[in-house]
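With mmCIF, C-alpha atoms inside, this is upload03.cif:
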```
data_data
loop_
_atom_site.label_atom_id
_atom_site.label_comp_id
_atom_site.auth_asym_id
_atom_site.auth_seq_id
_atom_site.Cartn_x
_atom_site.Cartn_y
_atom_site.Cartn_z
CA MET A 296 0.00 0.00 0.00
CA ILE A 297 1.31 3.45 -0.92
CA GLU A 298 1.72 5.69 2.12
CA PRO A 299 -0.22 8.97 2.01
CA ALA A 300 2.00 11.94 1.18
CA PHE A 301 1.09 13.80 4.37
CA LEU A 302 2.51 10.97 6.50
CA THR A 303 5.74 10.85 4.52
CA ASP A 304 6.09 14.64 4.63
CA THR A 305 5.41 14.77 8.37
CA ARG A 306 7.89 12.01 9.16
CA THR A 307 10.64 13.48 6.98
CA SER A 308 10.09 16.99 8.32
CA TYR A 309 10.33 16.00 11.97
CA ASP A 310 13.35 13.82 11.26
CA THR A 311 14.96 16.96 9.82
CA ILE A 312 14.14 19.33 12.67
CA VAL A 313 14.44 17.12 15.74
CA ASP A 314 17.21 19.17 17.39
CA LEU A 315 15.54 22.45 16.45
CA TYR A 316 12.23 21.23 17.83
CA VAL A 317 13.76 20.17 21.15
CA GLU A 318 15.35 23.60 21.47
CA TYR A 319 12.08 25.33 20.51
CA VAL A 320 9.81 23.58 23.00
CA GLY A 321 12.46 23.66 25.72
CA ASP A 322 10.86 23.59 29.15
CA GLU A 323 7.68 25.37 28.06
CA LEU A 324 5.48 23.33 30.39
CA ALA A 325 7.09 25.15 33.31
CA ALA A 326 5.54 28.38 31.99
CA ARG A 327 2.16 26.83 31.07
CA PRO A 328 0.05 26.36 34.21
CA LEU A 329 -3.13 25.64 32.25
CA ASP A 330 -1.38 22.99 30.16
CA ARG A 331 -0.10 21.37 33.34
CA ALA A 332 -3.56 21.55 34.87
CA MET A 333 -5.12 19.61 32.00
CA LEU A 334 -2.37 17.00 32.10
CA ALA A 335 -2.77 16.71 35.88
CA ALA A 336 -6.55 16.31 35.55
CA PHE A 337 -6.06 13.59 32.93
CA ALA A 338 -3.55 11.79 35.17
CA GLU A 339 -5.88 11.97 38.17
CA LEU A 340 -8.79 10.59 36.15
CA VAL A 341 -6.68 7.66 34.95
CA ARG A 342 -5.38 6.92 38.44
CA SER A 343 -8.81 7.22 40.08
CA GLY A 344 -10.18 4.77 37.51
CA GLY A 345 -7.71 2.14 38.66
CA GLY A 346 -4.75 3.10 36.50
CA GLY A 347 -3.34 1.12 33.61
CA PRO A 348 -1.26 1.73 30.51
CA VAL A 349 -1.31 5.14 28.81
CA LEU A 350 -0.09 5.96 25.30
CA ASP A 351 1.35 9.35 24.31
CA VAL A 352 0.56 9.47 20.58
CA GLY A 353 2.85 11.76 18.59
CA CYS A 354 5.22 11.91 21.55
CA GLY A 355 8.07 13.66 19.75
CA PRO A 356 11.14 13.79 22.02
CA GLY A 357 9.16 12.46 24.96
CA ARG A 358 8.64 15.56 27.11
CA ILE A 359 4.91 14.94 27.69
CA SER A 360 5.56 11.24 28.30
CA ARG A 361 8.11 12.25 30.95
CA HIS A 362 5.67 14.64 32.58
CA LEU A 363 2.93 12.00 32.67
CA ARG A 364 5.31 9.45 34.18
CA ASP A 365 6.24 11.98 36.85
CA LEU A 366 2.50 12.28 37.56
CA GLY A 367 2.44 8.57 38.32
CA LEU A 368 1.20 7.06 35.07
CA ASP A 369 2.42 3.93 33.30
CA VAL A 370 3.11 5.71 30.01
CA ALA A 371 4.70 4.77 26.70
CA GLY A 372 5.24 7.01 23.68
CA LEU A 373 4.67 6.53 19.96
CA ASP A 374 5.82 8.77 17.12
CA LEU A 375 5.92 8.71 13.34
CA SER A 376 9.48 10.06 13.20
CA PRO A 377 12.30 7.59 13.88
CA GLN A 378 14.63 10.45 14.77
CA MET A 379 12.16 11.74 17.35
CA VAL A 380 11.84 8.26 18.81
CA ALA A 381 15.63 7.95 18.97
CA ARG A 382 15.88 11.29 20.77
CA ALA A 383 13.12 10.30 23.21
CA ARG A 384 14.90 7.04 24.00
CA ARG A 385 18.16 8.90 24.54
CA ASP A 386 16.67 11.57 26.80
CA HIS A 387 14.33 9.25 28.73
CA PRO A 388 15.94 5.79 28.80
CA ASP A 389 13.58 4.58 31.53
CA LEU A 390 10.51 5.03 29.30
CA ARG A 391 9.27 3.03 26.30
CA PHE A 392 9.05 4.61 22.86
CA THR A 393 7.91 3.05 19.59
CA GLU A 394 7.77 4.14 15.96
CA GLY A 395 4.31 4.14 14.40
CA SER A 396 1.28 5.99 13.08
CA MET A 397 -1.83 7.05 14.98
CA LEU A 398 -3.85 5.71 12.03
CA GLU A 399 -2.62 2.17 12.79
CA LEU A 400 -1.79 1.99 16.46
CA PRO A 401 0.29 -1.07 17.42
CA THR A 402 -1.94 -1.64 20.45
CA ALA A 403 -4.49 -4.34 21.21
CA ASP A 404 -8.18 -3.51 21.41
CA GLY A 405 -9.47 -2.08 24.68
CA THR A 406 -6.17 -2.20 26.55
CA LEU A 407 -5.40 1.45 27.38
CA ALA A 408 -6.54 3.33 30.45
CA GLY A 409 -5.64 6.59 28.72
CA LEU A 410 -4.37 8.16 25.53
CA VAL A 411 -2.86 11.62 24.99
CA ALA A 412 -2.56 13.31 21.59
CA TRP A 413 -0.73 16.52 22.47
CA TYR A 414 -0.61 18.66 19.32
CA SER A 415 -0.25 15.55 17.15
CA VAL A 416 -3.61 15.45 15.32
CA ILE A 417 -2.77 18.92 13.93
CA HIS A 418 -0.97 17.31 10.98
CA LEU A 419 -3.91 15.08 9.98
CA PRO A 420 -6.14 16.26 7.11
CA ASP A 421 -9.77 16.76 8.07
CA ASP A 422 -10.92 13.64 6.25
CA ARG A 423 -8.54 11.44 8.28
CA LEU A 424 -9.58 12.67 11.73
CA PRO A 425 -12.50 10.20 12.02
CA GLU A 426 -10.07 7.38 11.22
CA ALA A 427 -7.71 8.47 13.98
CA PHE A 428 -10.53 8.89 16.50
CA ALA A 429 -11.81 5.42 15.62
CA GLU A 430 -8.34 4.07 16.44
CA PHE A 431 -8.33 5.95 19.75
CA HIS A 432 -11.70 4.42 20.59
CA ARG A 433 -10.49 0.95 19.57
CA VAL A 434 -7.46 0.90 21.86
CA LEU A 435 -9.09 2.56 24.89
CA ALA A 436 -10.76 0.35 27.46
CA PRO A 437 -14.40 1.20 28.25
CA GLY A 438 -14.24 4.28 30.46
CA GLY A 439 -10.70 5.03 29.28
CA HIS A 440 -9.67 8.69 29.03
CA LEU A 441 -8.46 10.79 26.10
CA LEU A 442 -6.73 14.18 26.19
CA LEU A 443 -6.35 16.22 23.00
CA ALA A 444 -4.46 19.49 22.50
CA PHE A 445 -4.62 21.48 19.28
CA GLN A 446 -4.60 24.96 17.74
CA VAL A 447 -7.87 26.82 17.25
CA GLY A 448 -8.75 28.28 13.86
CA ASP A 449 -10.48 27.77 10.54
CA GLU A 450 -7.73 27.51 7.93
CA PRO A 451 -4.67 25.26 7.66
CA VAL A 452 -1.19 26.76 7.42
CA HIS A 453 1.57 25.13 5.37
CA ARG A 454 5.25 25.62 6.26
CA THR A 455 8.20 24.85 4.00
CA ASP A 456 10.95 26.38 6.13
CA ALA A 457 11.91 25.98 9.78
CA SER A 458 14.76 28.33 10.65
CA GLY A 459 16.44 27.54 7.33
CA LEU A 460 15.70 23.81 7.34
CA PRO A 461 13.44 22.42 4.59
CA VAL A 462 10.11 21.00 5.80
CA SER A 463 6.68 20.27 4.40
CA LEU A 464 4.26 20.55 7.31
CA THR A 465 0.60 21.47 7.29
CA PHE A 466 -0.88 22.68 10.57
CA HIS A 467 -4.64 22.11 10.67
CA ARG A 468 -6.35 24.55 13.03
CA ARG A 469 -9.82 23.57 14.16
CA ARG A 470 -12.80 24.67 16.22
CA PRO A 471 -13.24 22.77 19.51
CA GLU A 472 -16.94 22.20 18.89
CA ALA A 473 -16.21 20.56 15.52
CA VAL A 474 -13.57 18.29 17.04
CA ALA A 475 -15.89 17.41 19.93
CA GLU A 476 -18.60 16.37 17.46
CA LEU A 477 -16.19 14.04 15.65
CA LEU A 478 -15.14 12.53 18.97
CA ARG A 479 -18.77 11.89 19.92
CA ALA A 480 -19.35 10.21 16.56
CA ALA A 481 -16.44 7.88 17.37
CA GLY A 482 -17.91 6.91 20.77
CA LEU A 483 -15.75 9.32 22.78
CA ALA A 484 -17.78 11.67 24.99
CA VAL A 485 -16.22 15.05 25.73
CA HIS A 486 -16.67 15.99 29.39
CA ALA A 487 -14.28 18.94 29.76
CA GLU A 488 -12.94 21.67 27.49
CA LEU A 489 -10.38 24.42 27.99
CA ARG A 490 -9.61 27.17 25.53
CA ARG A 491 -6.89 29.70 26.20
CA GLU A 492 -5.76 32.76 24.33
CA PRO A 493 -2.33 33.01 22.65
CA GLU A 494 0.61 33.45 25.00
CA PRO A 495 4.28 34.34 24.42
CA HIS A 496 6.53 31.45 23.46
CA ALA A 497 10.15 31.40 22.26
CA GLY A 498 10.24 35.16 22.05
CA ARG A 499 7.01 35.63 20.08
CA LEU A 500 3.27 35.38 20.54
CA GLU A 501 1.57 32.12 19.63
CA PRO A 502 -0.34 32.60 16.35
CA THR A 503 -3.68 31.19 17.55
CA PRO A 504 -5.71 30.32 20.64
CA GLN A 505 -5.18 26.79 21.98
CA ALA A 506 -7.77 24.15 22.87
CA TYR A 507 -7.77 21.09 25.13
CA LEU A 508 -10.49 18.43 25.24
CA LEU A 509 -10.92 15.66 27.79
CA ALA A 510 -13.04 12.75 26.59
CA ARG A 511 -13.96 9.26 27.73
CA ARG A 512 -14.77 6.07 25.86
CA VAL A 513 -18.42 5.48 26.60
CA GLY A 514 -19.17 2.38 24.56
CA ASP A 515 -19.09 0.88 21.11
CA ARG A 516 -19.23 3.12 18.09
CA PRO A 517 -22.70 3.56 16.59
#
```

Could you express the structure from this file as structure tokens?
Amino acid sequence: MIEPAFLTDTRTSYDTIVDLYVEYVGDELAARPLDRAMLAAFAELVRSGGGGPVLDVGCGPGRISRHLRDLGLDVAGLDLSPQMVARARRDHPDLRFTEGSMLELPTADGTLAGLVAWYSVIHLPDDRLPEAFAEFHRVLAPGGHLLLAFQVGDEPVHRTDASGLPVSLTFHRRRPEAVAELLRAAGLAVHAELRREPEPHAGRLEPTPQAYLLARRVGDRP
């Protein structure tokens, strides 16, 4: 089967910018109390439900996986980019990281207590979001928790340059209500939403508001 171009472009781009990306994100969580609050709420929900394995989908260099582990979760990371996975393994040798796509998760049905997609669905075209959400539903146990983070907006933005490095990345910005509707259609009920306005990052203002959705697997898909 021929791989979709957006997957190839995303993988190649993040392989190219892994060091730049690590420098860019830095320790931004330390300056993001609302981000930390959503991650903490997710971790508490998973723990209060009895715990279990959690997957950080699109984990990049593993910073969110590390944070979740420090919050007491049994977390593993998965990323499309082999260079990102290599960096995550180097920086966090006590955690598990695997190469793979969110459209074909290498996880058995109904085995996860939680799944985090922290700014990773932003590179999926609109017509592939239902496919990804169906995978999230498949791997979550009944009652399992999902946390999404993404940029708010109406139009995608395509980048071909990252500080002089060649990339081909499309950032899909979406409305929280539209994403919530797709989650519900996949059998994932949204029970909490946070939207925050742009804040300074890496010396400049974020280009868009940011959104965070907490959802739960409520049953089989209709």

Between A:Val380, A:Leu390, A:Ala481, A:Val434, single out the one closest to Asp310 (chain A), counting all atoms listed in the file.
A:Val380

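Distances here use all atoms listed in the file; by that measure, the residue among A:Ile297, A:Leu441, A:Arg469, A:Leu500 closest to Leu483 (chain A) is A:Leu441.
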
Any chance you could work out the residue set of the PyMOL selection byres ((chain A and resi 376) around 7) here, as a PyMOL selection string?
chain A and resi 306+309-310+374-375+377-380+394

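The space separating CA of Tyr316 (chain A) from CA of Gly357 (chain A) comes to 11.7 Å.
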
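Selection around (-5.6, 2.0, 28.2) with radius 9 Å, counting only C-alpha atoms, yields the residues A:Val341, A:Gly346, A:Gly347, A:Pro348, A:Val349, A:Leu350, A:Gly405, A:Thr406, A:Leu407, A:Ala408, A:Gly409, A:Leu410, A:Val434, A:Leu435, A:Ala436, A:Pro437, A:Gly439, A:His440.
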
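Here the PyMOL selection byres ((chain A and resi 319) around 12) catches exactly these residues: Ile312, Val313, Asp314, Leu315, Tyr316, Val317, Glu318, Val320, Gly321, Asp322, Glu323, Pro356, Ala457, Ser458, His496, Ala497, Gly498 and Arg499 of chain A.
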
I want to know what sits within 10 Å of His453 (chain A), based on all atoms listed in the file, with residues of the same chain fewer than 4 positions away left out; could you give that as a PDB file with C-alpha atoms, keeping the file's coordinate frame?
```pdb
ATOM      1  CA  HIS A 418      -0.970  17.310  10.980  1.00  0.00           C
ATOM      2  CA  VAL A 462      10.110  21.000   5.800  1.00  0.00           C
ATOM      3  CA  SER A 463       6.680  20.270   4.400  1.00  0.00           C
ATOM      4  CA  LEU A 464       4.260  20.550   7.310  1.00  0.00           C
ATOM      5  CA  THR A 465       0.600  21.470   7.290  1.00  0.00           C
ATOM      6  CA  PHE A 466      -0.880  22.680  10.570  1.00  0.00           C
ATOM      7  CA  HIS A 467      -4.640  22.110  10.670  1.00  0.00           C
TER       8      HIS A 467
END
```

Taking all atoms listed in the file into account, which of A:Leu419, A:Ile359, A:Val452, A:Ala300 comes nearest Pro502 (chain A)?
A:Val452

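In this model, the gap between CA of Leu477 (chain A) and CA of Arg327 (chain A) comes to 27.2 Å.
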
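Separating CA of Ala412 (chain A) from CA of Ala444 (chain A) is a distance of 6.5 Å.
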
Hits from the PyMOL selection byres ((chain A and resi 445) around 7), listed as a ChimeraX atom specification
/A:414,417,443-444,446-447,505-507

Let me see the file: selected residues, C-alpha atoms, as a CSV table (one decimal), keeping the file's coordinate frame.
```
chain,number,residue,atom,x,y,z
A,414,TYR,CA,-0.6,18.7,19.3
A,417,ILE,CA,-2.8,18.9,13.9
A,443,LEU,CA,-6.4,16.2,23.0
A,444,ALA,CA,-4.5,19.5,22.5
A,446,GLN,CA,-4.6,25.0,17.7
A,447,VAL,CA,-7.9,26.8,17.2
A,505,GLN,CA,-5.2,26.8,22.0
A,506,ALA,CA,-7.8,24.2,22.9
A,507,TYR,CA,-7.8,21.1,25.1
```

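For the set A:Leu373, A:Leu460, A:Val416, A:Leu329, the residue with the smallest atom-to-atom gap to Thr307 (chain A) is A:Leu460, counting all atoms listed in the file.
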
Residues within 12 Å of Glu472 (chain A), please, as an NGL selection string. Count only C-alpha atoms; anything in the same chain fewer than 6 positions from it doesn't count.
:A and (447-449 or 478-479 or 485 or 487-490 or 506-508)

Prev. selection, C-alpha atoms, output as a short mmCIF file (atom, residue, chain, number, x, y, z; two decimals), keeping the file's coordinate frame:
```
data_model
loop_
_atom_site.label_atom_id
_atom_site.label_comp_id
_atom_site.auth_asym_id
_atom_site.auth_seq_id
_atom_site.Cartn_x
_atom_site.Cartn_y
_atom_site.Cartn_z
CA VAL A 447 -7.87 26.82 17.25
CA GLY A 448 -8.75 28.28 13.86
CA ASP A 449 -10.48 27.77 10.54
CA LEU A 478 -15.14 12.53 18.97
CA ARG A 479 -18.77 11.89 19.92
CA VAL A 485 -16.22 15.05 25.73
CA ALA A 487 -14.28 18.94 29.76
CA GLU A 488 -12.94 21.67 27.49
CA LEU A 489 -10.38 24.42 27.99
CA ARG A 490 -9.61 27.17 25.53
CA ALA A 506 -7.77 24.15 22.87
CA TYR A 507 -7.77 21.09 25.13
CA LEU A 508 -10.49 18.43 25.24
#
```

Best match for closeness to Pro420 (chain A) among A:Ser360, A:Thr455, A:Thr393, A:Thr305, counting all atoms listed in the file
A:Thr305

Report the centre and edge lengths, in Å to one decimal, of an axis-aligned box enclosing every atom of region 361-375 of chain A listed in the file, padded by 4 Å on each side, as JSON.
```
{"center_x": 4.7, "center_y": 9.3, "center_z": 25.8, "size_x": 14.9, "size_y": 18.7, "size_z": 33.0}
```

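If only C-alpha atoms are the atoms counted, then among A:Arg364, A:His432, A:Arg358, A:Arg342 the closest residue to Ala383 (chain A) is A:Arg358.
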
Please complete region 309-320 of chain A so it has all heavy atoms, and hand it over as a PDB file, keeping the file's coordinate frame.
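File written: out24.pdb
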```pdb
ATOM      1  N   TYR A 309       9.922  16.082  10.558  1.00  0.00           N
ATOM      2  CA  TYR A 309      10.330  16.000  11.970  1.00  0.00           C
ATOM      3  C   TYR A 309      11.669  15.292  12.136  1.00  0.00           C
ATOM      4  O   TYR A 309      12.421  15.596  13.078  1.00  0.00           O
ATOM      5  CB  TYR A 309       9.230  15.350  12.802  1.00  0.00           C
ATOM      6  CG  TYR A 309       8.161  16.352  13.186  1.00  0.00           C
ATOM      7  CD1 TYR A 309       6.925  16.370  12.557  1.00  0.00           C
ATOM      8  CD2 TYR A 309       8.414  17.326  14.151  1.00  0.00           C
ATOM      9  CE1 TYR A 309       5.959  17.314  12.886  1.00  0.00           C
ATOM     10  CE2 TYR A 309       7.457  18.271  14.494  1.00  0.00           C
ATOM     11  CZ  TYR A 309       6.233  18.261  13.851  1.00  0.00           C
ATOM     12  OH  TYR A 309       5.285  19.212  14.176  1.00  0.00           O
ATOM     13  N   ASP A 310      11.990  14.370  11.248  1.00  0.00           N
ATOM     14  CA  ASP A 310      13.350  13.820  11.260  1.00  0.00           C
ATOM     15  C   ASP A 310      14.381  14.918  11.029  1.00  0.00           C
ATOM     16  O   ASP A 310      15.465  14.912  11.620  1.00  0.00           O
ATOM     17  CB  ASP A 310      13.502  12.761  10.155  1.00  0.00           C
ATOM     18  CG  ASP A 310      12.977  11.395  10.554  1.00  0.00           C
ATOM     19  OD1 ASP A 310      12.666  11.189  11.751  1.00  0.00           O
ATOM     20  OD2 ASP A 310      12.876  10.520   9.667  1.00  0.00           O
ATOM     21  N   THR A 311      14.041  15.878  10.179  1.00  0.00           N
ATOM     22  CA  THR A 311      14.960  16.960   9.820  1.00  0.00           C
ATOM     23  C   THR A 311      15.157  17.953  10.951  1.00  0.00           C
ATOM     24  O   THR A 311      16.264  18.473  11.153  1.00  0.00           O
ATOM     25  CB  THR A 311      14.437  17.692   8.566  1.00  0.00           C
ATOM     26  OG1 THR A 311      14.351  16.766   7.479  1.00  0.00           O
ATOM     27  CG2 THR A 311      15.343  18.850   8.169  1.00  0.00           C
ATOM     28  N   ILE A 312      14.091  18.225  11.710  1.00  0.00           N
ATOM     29  CA  ILE A 312      14.140  19.330  12.670  1.00  0.00           C
ATOM     30  C   ILE A 312      14.177  18.865  14.125  1.00  0.00           C
ATOM     31  O   ILE A 312      13.911  19.671  15.028  1.00  0.00           O
ATOM     32  CB  ILE A 312      12.940  20.282  12.475  1.00  0.00           C
ATOM     33  CG1 ILE A 312      11.609  19.566  12.756  1.00  0.00           C
ATOM     34  CG2 ILE A 312      12.955  20.882  11.075  1.00  0.00           C
ATOM     35  CD1 ILE A 312      10.407  20.498  12.821  1.00  0.00           C
ATOM     36  N   VAL A 313      14.542  17.626  14.379  1.00  0.00           N
ATOM     37  CA  VAL A 313      14.440  17.120  15.740  1.00  0.00           C
ATOM     38  C   VAL A 313      15.205  17.988  16.735  1.00  0.00           C
ATOM     39  O   VAL A 313      14.675  18.358  17.789  1.00  0.00           O
ATOM     40  CB  VAL A 313      14.885  15.635  15.811  1.00  0.00           C
ATOM     41  CG1 VAL A 313      16.293  15.432  15.307  1.00  0.00           C
ATOM     42  CG2 VAL A 313      14.712  15.096  17.227  1.00  0.00           C
ATOM     43  N   ASP A 314      16.430  18.359  16.437  1.00  0.00           N
ATOM     44  CA  ASP A 314      17.210  19.170  17.390  1.00  0.00           C
ATOM     45  C   ASP A 314      16.612  20.568  17.526  1.00  0.00           C
ATOM     46  O   ASP A 314      16.540  21.109  18.640  1.00  0.00           O
ATOM     47  CB  ASP A 314      18.664  19.268  16.933  1.00  0.00           C
ATOM     48  CG  ASP A 314      19.382  17.929  17.016  1.00  0.00           C
ATOM     49  OD1 ASP A 314      18.999  17.081  17.857  1.00  0.00           O
ATOM     50  OD2 ASP A 314      20.325  17.716  16.239  1.00  0.00           O
ATOM     51  N   LEU A 315      16.172  21.138  16.421  1.00  0.00           N
ATOM     52  CA  LEU A 315      15.540  22.450  16.450  1.00  0.00           C
ATOM     53  C   LEU A 315      14.260  22.412  17.275  1.00  0.00           C
ATOM     54  O   LEU A 315      13.977  23.327  18.062  1.00  0.00           O
ATOM     55  CB  LEU A 315      15.244  22.915  15.023  1.00  0.00           C
ATOM     56  CG  LEU A 315      14.523  24.258  14.865  1.00  0.00           C
ATOM     57  CD1 LEU A 315      15.428  25.396  15.316  1.00  0.00           C
ATOM     58  CD2 LEU A 315      14.105  24.460  13.402  1.00  0.00           C
ATOM     59  N   TYR A 316      13.487  21.355  17.103  1.00  0.00           N
ATOM     60  CA  TYR A 316      12.230  21.230  17.830  1.00  0.00           C
ATOM     61  C   TYR A 316      12.472  21.120  19.333  1.00  0.00           C
ATOM     62  O   TYR A 316      11.781  21.771  20.133  1.00  0.00           O
ATOM     63  CB  TYR A 316      11.464  19.998  17.328  1.00  0.00           C
ATOM     64  CG  TYR A 316      10.140  19.789  18.013  1.00  0.00           C
ATOM     65  CD1 TYR A 316       9.006  20.479  17.578  1.00  0.00           C
ATOM     66  CD2 TYR A 316      10.009  18.920  19.095  1.00  0.00           C
ATOM     67  CE1 TYR A 316       7.780  20.292  18.212  1.00  0.00           C
ATOM     68  CE2 TYR A 316       8.791  18.739  19.733  1.00  0.00           C
ATOM     69  CZ  TYR A 316       7.680  19.432  19.287  1.00  0.00           C
ATOM     70  OH  TYR A 316       6.481  19.266  19.915  1.00  0.00           O
ATOM     71  N   VAL A 317      13.439  20.313  19.725  1.00  0.00           N
ATOM     72  CA  VAL A 317      13.760  20.170  21.150  1.00  0.00           C
ATOM     73  C   VAL A 317      14.152  21.513  21.741  1.00  0.00           C
ATOM     74  O   VAL A 317      13.720  21.880  22.847  1.00  0.00           O
ATOM     75  CB  VAL A 317      14.871  19.128  21.354  1.00  0.00           C
ATOM     76  CG1 VAL A 317      15.382  19.146  22.788  1.00  0.00           C
ATOM     77  CG2 VAL A 317      14.368  17.730  20.997  1.00  0.00           C
ATOM     78  N   GLU A 318      14.950  22.274  21.003  1.00  0.00           N
ATOM     79  CA  GLU A 318      15.350  23.600  21.470  1.00  0.00           C
ATOM     80  C   GLU A 318      14.152  24.542  21.554  1.00  0.00           C
ATOM     81  O   GLU A 318      14.013  25.334  22.488  1.00  0.00           O
ATOM     82  CB  GLU A 318      16.403  24.189  20.532  1.00  0.00           C
ATOM     83  CG  GLU A 318      16.891  25.569  20.936  1.00  0.00           C
ATOM     84  CD  GLU A 318      17.914  26.136  19.966  1.00  0.00           C
ATOM     85  OE1 GLU A 318      18.310  25.420  19.024  1.00  0.00           O
ATOM     86  OE2 GLU A 318      18.301  27.301  20.146  1.00  0.00           O
ATOM     87  N   TYR A 319      13.231  24.438  20.572  1.00  0.00           N
ATOM     88  CA  TYR A 319      12.080  25.330  20.510  1.00  0.00           C
ATOM     89  C   TYR A 319      11.120  25.099  21.669  1.00  0.00           C
ATOM     90  O   TYR A 319      10.673  26.042  22.328  1.00  0.00           O
ATOM     91  CB  TYR A 319      11.351  25.137  19.180  1.00  0.00           C
ATOM     92  CG  TYR A 319      10.085  25.946  19.048  1.00  0.00           C
ATOM     93  CD1 TYR A 319      10.125  27.321  18.818  1.00  0.00           C
ATOM     94  CD2 TYR A 319       8.840  25.334  19.176  1.00  0.00           C
ATOM     95  CE1 TYR A 319       8.968  28.061  18.711  1.00  0.00           C
ATOM     96  CE2 TYR A 319       7.669  26.076  19.072  1.00  0.00           C
ATOM     97  CZ  TYR A 319       7.736  27.434  18.831  1.00  0.00           C
ATOM     98  OH  TYR A 319       6.575  28.170  18.737  1.00  0.00           O
ATOM     99  N   VAL A 320      10.778  23.837  21.937  1.00  0.00           N
ATOM    100  CA  VAL A 320       9.810  23.580  23.000  1.00  0.00           C
ATOM    101  C   VAL A 320      10.444  23.764  24.369  1.00  0.00           C
ATOM    102  O   VAL A 320       9.783  24.207  25.314  1.00  0.00           O
ATOM    103  CB  VAL A 320       9.177  22.169  22.882  1.00  0.00           C
ATOM    104  CG1 VAL A 320       8.370  22.073  21.611  1.00  0.00           C
ATOM    105  CG2 VAL A 320      10.208  21.063  22.960  1.00  0.00           C
TER     106      VAL A 320
END
```
